[in-house]
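Contents: one structure, followed by commentary.
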Amino acid sequence: MSSLRSLRPLAQSAITSSCRRLTPRAAATAIPVYAVQQQSRYASSKHPKGFTPPSADDLEELRERVQEFARREVSEEVAAAADKNNDFPASLWSKLGEAGFLGITADEDVGGLGLGYQAHCIVMEELSRASGSIALSYAAHSQLCVNQIQLHGTSKQKAKYLPKLTAGEWVGALAMSETGAGSDVVSMQMTAKETQDVDGRYGYLLNGSKMWITNGPYADVIVVYAKTKPDAGSKGMTAFLVETGSLPGFSCARKLDKMGMRGSPTGELVFDNVFVPADRMLGSLNGATRVLMSGLDLERLVLSAGPLGLMQAAMDVTLPYVHQRKQFGTPVAHFQLVQGKLADMYTKMQASRSYTYATARAIDETGNIRTQDCAGAILYAAERATECALDSIQLLGGMGYMEEMPASRILRDAKLYEIGAGTSEVRRMVIGRAFNKEYAHLA
Ligand SMILES: Cc1cc2nc3c(=O)[nH]c(=O)nc-3n(C[C@H](O)[C@H](O)[C@H](O)COP(=O)(O)OP(=O)(O)OC[C@H]3O[C@@H](n4cnc5c(N)ncnc54)[C@H](O)[C@@H]3O)c2cc1C
């Protein structure tokens, strides 16, 4: 496949293409309404310097390239094997890197494409359409790890970590959750105490454990959150970049066995007096809340494209089947009750798609991140994806219940999005709180 880097000059060209005629395929997946004006340049703290939003044509071209990659590298056989083997196909990391997908939002001088969040959502959606779990591991690497370093790393940290991560030589992860601290992440118990090692280097000793960490069993570099001031609540947390390679005191206690997302390795990590040099601090001392909260909005947005791909995958398996399968002498797709389910699936998918891409486009074009829309996009898409996957199983009848069809895998994968990256309940709380803040003057 030709390098995606050719898209960057395309994206930097004059932004007039949203007015161009779309191809029929592009028109079918085009997002209908945007309330934002296109701007050629603006100062955004969430994009590389000089970022220019890609045009509709650039994004369509990217989508076609990801689809081509997925057809070649993430076939149904690969997706089914990842699910069955409970493992990620390791050779895929370098292929994802070579294709340019691992650094979609990162600076070009460290191997990224600097294409922004609409582009990241497109890659996430199309990979999820091929395999929900491979895409989840992809997002943990490219968004939770790479983009966090891109946004909060020093130039030295970016130069050290991002080239290896964007090339797929290293696997990235983010470790925030603990057995006792999921939704209430600020209650985490992991500590980082200032210390000096035997060579006199200043740094921090990390102690504690992290739970449910995507890519944890294989990660080479992990963004780890710990308490540097345990009594200060959200004002006492710091983020660190931990290199795991033969690191004394660090171990993956176990690789977890999951109902879905089985191709995405999840681990419980143990830190027993792990020394981290002071220059591996990400962001400022006791400043992790800023890193964490700003990261969470963008994480929710990019992950909302996961359920979009899974809904498309459910349509992909259902539509041909119901048009071929005959009962009572008629394709079952011609029965009104079946048509009703197909219509509901399609409408839910398209509505979710519109919300995600409208939110991503607003961020790319104005730099303005609305917390309630990032949480809203994933809340809506995740719940709709579970519904679509259930409808898909129902429409496939007995075959829907068989593991030889992908429908049950799609359902098992989709359910994760109502839990991971904050549960549906927490997302509703986040949306409510954003309104409470906006209308505080009336209380
Ligand atoms: C496959 C997978 C991958 C993951 N990957 C990562 C990762 O890479 N890095 C990482 O740090 N974490 C990761 N997680 C952890 C994930 O973010 C947490 O599981 C999630 O935030 C929920 O936390 P919990 O499991 O402790 O549930 P709990 O917080 O114990 O919630 C249990 C139930 O109570 C509800 N609840 C909790 N608080 C409230 C409230 N205030 N109001 C209403 N309802 C509430 C929840 O919505 C839920 O229904 C992953 C999890 C999974 C399953």
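Residues in the structure tokens are named by chain (A, B, ... in the order shown) and by number from 1 within that chain; ligands are numbered from 1 in the order shown.
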Taking only C-alpha atoms and all ligand atoms into account, which residues are within 7 Å of ligand 1, as a PDB file with C-alpha atoms, in the first residue's frame?
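Just written: part_13.pdb:
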ATOM      1  CA  ALA A 140      -5.204   1.973  23.335  1.00  0.00           C
ATOM      2  CA  ALA A 173      -0.843   1.313  26.819  1.00  0.00           C
ATOM      3  CA  LEU A 174      -2.397   3.511  29.480  1.00  0.00           C
ATOM      4  CA  ALA A 175      -2.856   2.348  33.077  1.00  0.00           C
ATOM      5  CA  MET A 176      -5.286   4.261  35.208  1.00  0.00           C
ATOM      6  CA  SER A 177      -7.818   1.774  36.603  1.00  0.00           C
ATOM      7  CA  THR A 179      -9.228  -3.219  41.216  1.00  0.00           C
ATOM      8  CA  GLY A 180     -10.785  -0.780  43.695  1.00  0.00           C
ATOM      9  CA  ALA A 181     -10.737   2.335  41.472  1.00  0.00           C
ATOM     10  CA  GLY A 182     -12.679   2.118  38.195  1.00  0.00           C
ATOM     11  CA  SER A 183     -15.397   4.760  37.819  1.00  0.00           C
ATOM     12  CA  ASP A 184     -13.937   6.535  40.851  1.00  0.00           C
ATOM     13  CA  MET A 211      -6.315  -3.633  36.500  1.00  0.00           C
ATOM     14  CA  TRP A 212      -7.915  -4.252  33.065  1.00  0.00           C
ATOM     15  CA  ILE A 213      -5.061  -2.644  31.132  1.00  0.00           C
ATOM     16  CA  THR A 214      -5.468  -2.997  27.357  1.00  0.00           C
ATOM     17  CA  ASN A 215      -2.178  -4.138  25.755  1.00  0.00           C
ATOM     18  CA  MET A 261     -12.628  -8.173  22.734  1.00  0.00           C
ATOM     19  CA  THR A 266      -5.891  -7.153  28.807  1.00  0.00           C
ATOM     20  CA  LEU A 416     -17.354  -3.544  26.077  1.00  0.00           C
ATOM     21  CA  ILE A 419     -18.158  -0.328  30.151  1.00  0.00           C
ATOM     22  CA  GLY A 420     -14.624   0.583  29.058  1.00  0.00           C
ATOM     23  CA  ALA A 421     -13.456   4.225  28.977  1.00  0.00           C
ATOM     24  CA  GLY A 422     -16.135   4.993  31.573  1.00  0.00           C
ATOM     25  CA  THR A 423     -19.467   3.220  31.837  1.00  0.00           C
ATOM     26  CA  SER A 424     -22.741   4.424  30.292  1.00  0.00           C
ATOM     27  CA  GLU A 425     -23.839   5.543  33.752  1.00  0.00           C
ATOM     28  CA  VAL A 426     -20.690   7.614  34.235  1.00  0.00           C
ATOM     29  CA  MET A 429     -23.213  11.724  34.828  1.00  0.00           C
TER      30      MET A 429
END
Next on the checklist: Report as a PyMOL selection string all protein, DNA and RNA residues lying within 12 Å of Tyr225 of chain A, evaluated on only C-alpha atoms, omitting residues in the same chain fewer than 5 positions from it.
Outcome noted: chain A and resi 173-178+181+185-192+206-210+234+236-242+271+281-283+285-292
Would you mind exporting the chosen residues as a compact mmCIF listing (two decimals), in the first residue's frame, restricted to N, CA and C atoms?
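again.txt was written with the following content:
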# COMPACT_ATOMS: atom_id res chain seq x y z
N ALA A 173 0.36 1.54 26.00
CA ALA A 173 -0.84 1.31 26.82
C ALA A 173 -1.01 2.48 27.78
N LEU A 174 -2.14 2.50 28.44
CA LEU A 174 -2.40 3.51 29.48
C LEU A 174 -2.99 2.81 30.69
N ALA A 175 -2.41 3.06 31.87
CA ALA A 175 -2.86 2.35 33.08
C ALA A 175 -3.34 3.33 34.13
N MET A 176 -4.65 3.34 34.29
CA MET A 176 -5.29 4.26 35.21
C MET A 176 -6.08 3.44 36.24
N SER A 177 -6.89 2.51 35.73
CA SER A 177 -7.82 1.77 36.60
C SER A 177 -7.10 0.81 37.54
N GLU A 178 -7.72 0.61 38.70
CA GLU A 178 -7.23 -0.38 39.67
C GLU A 178 -8.42 -1.22 40.13
N ALA A 181 -10.55 0.97 42.01
CA ALA A 181 -10.74 2.33 41.47
C ALA A 181 -10.99 2.29 39.97
N VAL A 185 -11.87 6.87 39.66
CA VAL A 185 -10.45 6.63 39.41
C VAL A 185 -9.54 7.43 40.36
N VAL A 186 -10.06 8.55 40.86
CA VAL A 186 -9.26 9.39 41.76
C VAL A 186 -8.96 8.66 43.08
N SER A 187 -9.73 7.60 43.37
CA SER A 187 -9.48 6.86 44.61
C SER A 187 -8.34 5.84 44.45
N MET A 188 -7.59 5.96 43.36
CA MET A 188 -6.50 4.98 43.11
C MET A 188 -5.52 4.94 44.28
N GLN A 189 -4.92 3.75 44.46
CA GLN A 189 -4.02 3.54 45.61
C GLN A 189 -2.55 3.53 45.21
N MET A 190 -2.27 3.42 43.93
CA MET A 190 -0.86 3.33 43.52
C MET A 190 -0.13 4.62 43.92
N THR A 191 1.05 4.43 44.51
CA THR A 191 1.81 5.61 44.95
C THR A 191 3.11 5.75 44.17
N ALA A 192 3.59 6.97 44.10
CA ALA A 192 4.90 7.26 43.50
C ALA A 192 5.62 8.18 44.48
N LEU A 206 7.44 3.49 42.23
CA LEU A 206 6.02 3.20 42.03
C LEU A 206 5.65 1.90 42.74
N ASN A 207 4.56 1.96 43.50
CA ASN A 207 4.07 0.77 44.21
C ASN A 207 2.55 0.66 44.08
N GLY A 208 2.09 -0.53 43.70
CA GLY A 208 0.64 -0.75 43.58
C GLY A 208 0.37 -1.65 42.40
N SER A 209 -0.91 -1.70 42.01
CA SER A 209 -1.25 -2.53 40.85
C SER A 209 -2.30 -1.84 40.00
N LYS A 210 -2.37 -2.24 38.74
CA LYS A 210 -3.33 -1.67 37.79
C LYS A 210 -4.13 -2.81 37.17
N SER A 234 -7.70 14.62 43.76
CA SER A 234 -7.40 14.79 42.34
C SER A 234 -6.20 15.72 42.10
N GLY A 236 -3.37 15.40 43.64
CA GLY A 236 -2.15 14.73 44.09
C GLY A 236 -1.74 13.58 43.19
N MET A 237 -2.16 13.63 41.91
CA MET A 237 -1.83 12.52 40.98
C MET A 237 -0.85 13.01 39.92
N THR A 238 0.03 12.09 39.52
CA THR A 238 1.01 12.41 38.48
C THR A 238 1.06 11.26 37.48
N ALA A 239 1.30 11.62 36.21
CA ALA A 239 1.43 10.59 35.17
C ALA A 239 2.90 10.35 34.87
N PHE A 240 3.25 9.09 34.61
CA PHE A 240 4.64 8.70 34.31
C PHE A 240 4.68 7.84 33.06
N LEU A 241 5.80 7.94 32.35
CA LEU A 241 6.03 7.06 31.21
C LEU A 241 6.91 5.91 31.70
N VAL A 242 6.36 4.72 31.71
CA VAL A 242 7.09 3.57 32.24
C VAL A 242 7.52 2.66 31.09
N PHE A 271 3.34 -3.31 40.25
CA PHE A 271 4.52 -2.44 40.40
C PHE A 271 5.01 -2.58 41.83
N MET A 281 8.42 11.82 33.86
CA MET A 281 7.13 12.35 34.30
C MET A 281 6.43 12.96 33.09
N LEU A 282 5.14 12.63 32.92
CA LEU A 282 4.38 13.17 31.79
C LEU A 282 3.49 14.29 32.32
N GLY A 283 3.72 15.51 31.86
CA GLY A 283 2.99 16.65 32.43
C GLY A 283 3.70 17.06 33.71
N LEU A 285 4.23 17.72 38.01
CA LEU A 285 4.05 17.02 39.29
C LEU A 285 2.68 17.38 39.87
N ASN A 286 1.93 16.38 40.26
CA ASN A 286 0.57 16.54 40.78
C ASN A 286 -0.40 17.12 39.76
N GLY A 287 -0.01 17.07 38.51
CA GLY A 287 -0.85 17.68 37.46
C GLY A 287 -1.54 16.65 36.57
N ALA A 288 -1.68 15.43 37.05
CA ALA A 288 -2.22 14.38 36.18
C ALA A 288 -3.70 14.58 35.85
N THR A 289 -4.41 15.29 36.70
CA THR A 289 -5.84 15.45 36.44
C THR A 289 -6.05 16.15 35.10
N ARG A 290 -5.17 17.12 34.81
CA ARG A 290 -5.27 17.83 33.54
C ARG A 290 -5.00 16.86 32.38
N VAL A 291 -3.94 16.06 32.54
CA VAL A 291 -3.58 15.08 31.50
C VAL A 291 -4.75 14.10 31.33
N LEU A 292 -5.26 13.64 32.46
CA LEU A 292 -6.30 12.62 32.46
C LEU A 292 -7.61 13.13 31.87
Item to check | Long-range neighbours of Gly376 of chain A as an NGL selection string, 12 Å cut-off, only C-alpha atoms, 2 positions minimum in chain | outcome: :A and (297 or 300-301 or 303-304 or 352 or 354-356 or 358-359 or 370-374 or 378-383 or 418 or 422-432 or 434)
Checklist entry - Do you know which residues are at most 9 Å from segment 218-221 of chain A counting only C-alpha atoms, after dropping those on the same chain fewer than 4 positions away, and could you put them as a PyMOL selection string? => result chain A and resi 141+145+161+165+170-174+214+241-245+252+265+267
Requested write-out: N, CA and C atoms of the selected residues, as a JSON list (two decimals), in the first residue's frame:
[["chain", "number", "residue", "atom", "x", "y", "z"],
["A", 141, "HIS", "N", -3.24, 2.00, 21.93],
["A", 141, "HIS", "CA", -1.90, 2.40, 21.53],
["A", 141, "HIS", "C", -1.90, 3.82, 20.96],
["A", 145, "CYS", "N", -2.08, 6.11, 24.41],
["A", 145, "CYS", "CA", -0.65, 6.27, 24.68],
["A", 145, "CYS", "C", -0.02, 7.34, 23.77],
["A", 161, "TYR", "N", 10.05, 8.53, 22.42],
["A", 161, "TYR", "CA", 9.03, 7.48, 22.38],
["A", 161, "TYR", "C", 8.23, 7.41, 21.08],
["A", 165, "LEU", "N", 6.87, 4.19, 18.71],
["A", 165, "LEU", "CA", 5.44, 3.86, 18.85],
["A", 165, "LEU", "C", 4.70, 4.01, 17.53],
["A", 170, "TRP", "N", 7.31, -0.46, 19.15],
["A", 170, "TRP", "CA", 6.89, -0.57, 20.54],
["A", 170, "TRP", "C", 5.38, -0.55, 20.61],
["A", 171, "VAL", "N", 4.85, -1.27, 21.62],
["A", 171, "VAL", "CA", 3.40, -1.27, 21.86],
["A", 171, "VAL", "C", 3.13, -0.38, 23.08],
["A", 172, "GLY", "N", 2.08, 0.43, 22.97],
["A", 172, "GLY", "CA", 1.75, 1.37, 24.04],
["A", 172, "GLY", "C", 0.47, 1.02, 24.78],
["A", 173, "ALA", "N", 0.36, 1.54, 26.00],
["A", 173, "ALA", "CA", -0.84, 1.31, 26.82],
["A", 173, "ALA", "C", -1.01, 2.48, 27.78],
["A", 174, "LEU", "N", -2.14, 2.50, 28.44],
["A", 174, "LEU", "CA", -2.40, 3.51, 29.48],
["A", 174, "LEU", "C", -2.99, 2.81, 30.69],
["A", 214, "THR", "N", -5.53, -2.56, 28.76],
["A", 214, "THR", "CA", -5.47, -3.00, 27.36],
["A", 214, "THR", "C", -4.03, -2.91, 26.86],
["A", 241, "LEU", "N", 5.80, 7.94, 32.35],
["A", 241, "LEU", "CA", 6.03, 7.06, 31.21],
["A", 241, "LEU", "C", 6.91, 5.91, 31.70],
["A", 242, "VAL", "N", 6.36, 4.72, 31.71],
["A", 242, "VAL", "CA", 7.09, 3.57, 32.24],
["A", 242, "VAL", "C", 7.52, 2.66, 31.09],
["A", 243, "GLU", "N", 8.82, 2.46, 30.98],
["A", 243, "GLU", "CA", 9.35, 1.51, 29.99],
["A", 243, "GLU", "C", 9.43, 0.16, 30.67],
["A", 244, "THR", "N", 8.76, -0.83, 30.13],
["A", 244, "THR", "CA", 8.61, -2.09, 30.87],
["A", 244, "THR", "C", 9.77, -3.07, 30.65],
["A", 245, "GLY", "N", 10.52, -2.93, 29.55],
["A", 245, "GLY", "CA", 11.57, -3.90, 29.19],
["A", 245, "GLY", "C", 12.52, -4.18, 30.34],
["A", 252, "CYS", "N", 3.48, -8.45, 34.74],
["A", 252, "CYS", "CA", 2.06, -8.62, 34.40],
["A", 252, "CYS", "C", 1.61, -9.85, 35.17],
["A", 265, "PRO", "N", -5.36, -8.03, 24.12],
["A", 265, "PRO", "CA", -4.89, -8.54, 25.41],
["A", 265, "PRO", "C", -5.07, -7.53, 26.54],
["A", 267, "GLY", "N", -4.48, -6.89, 30.78],
["A", 267, "GLY", "CA", -3.69, -7.45, 31.87],
["A", 267, "GLY", "C", -3.86, -6.75, 33.20]]
Item to check | d(atom CA of Ile363 of chain A, atom CA of Gln148 of chain A) in Å | outcome: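 Atom CA of Gln148 of chain A lies at a distance of 16.3 Å from atom CA of Ile363 of chain A.
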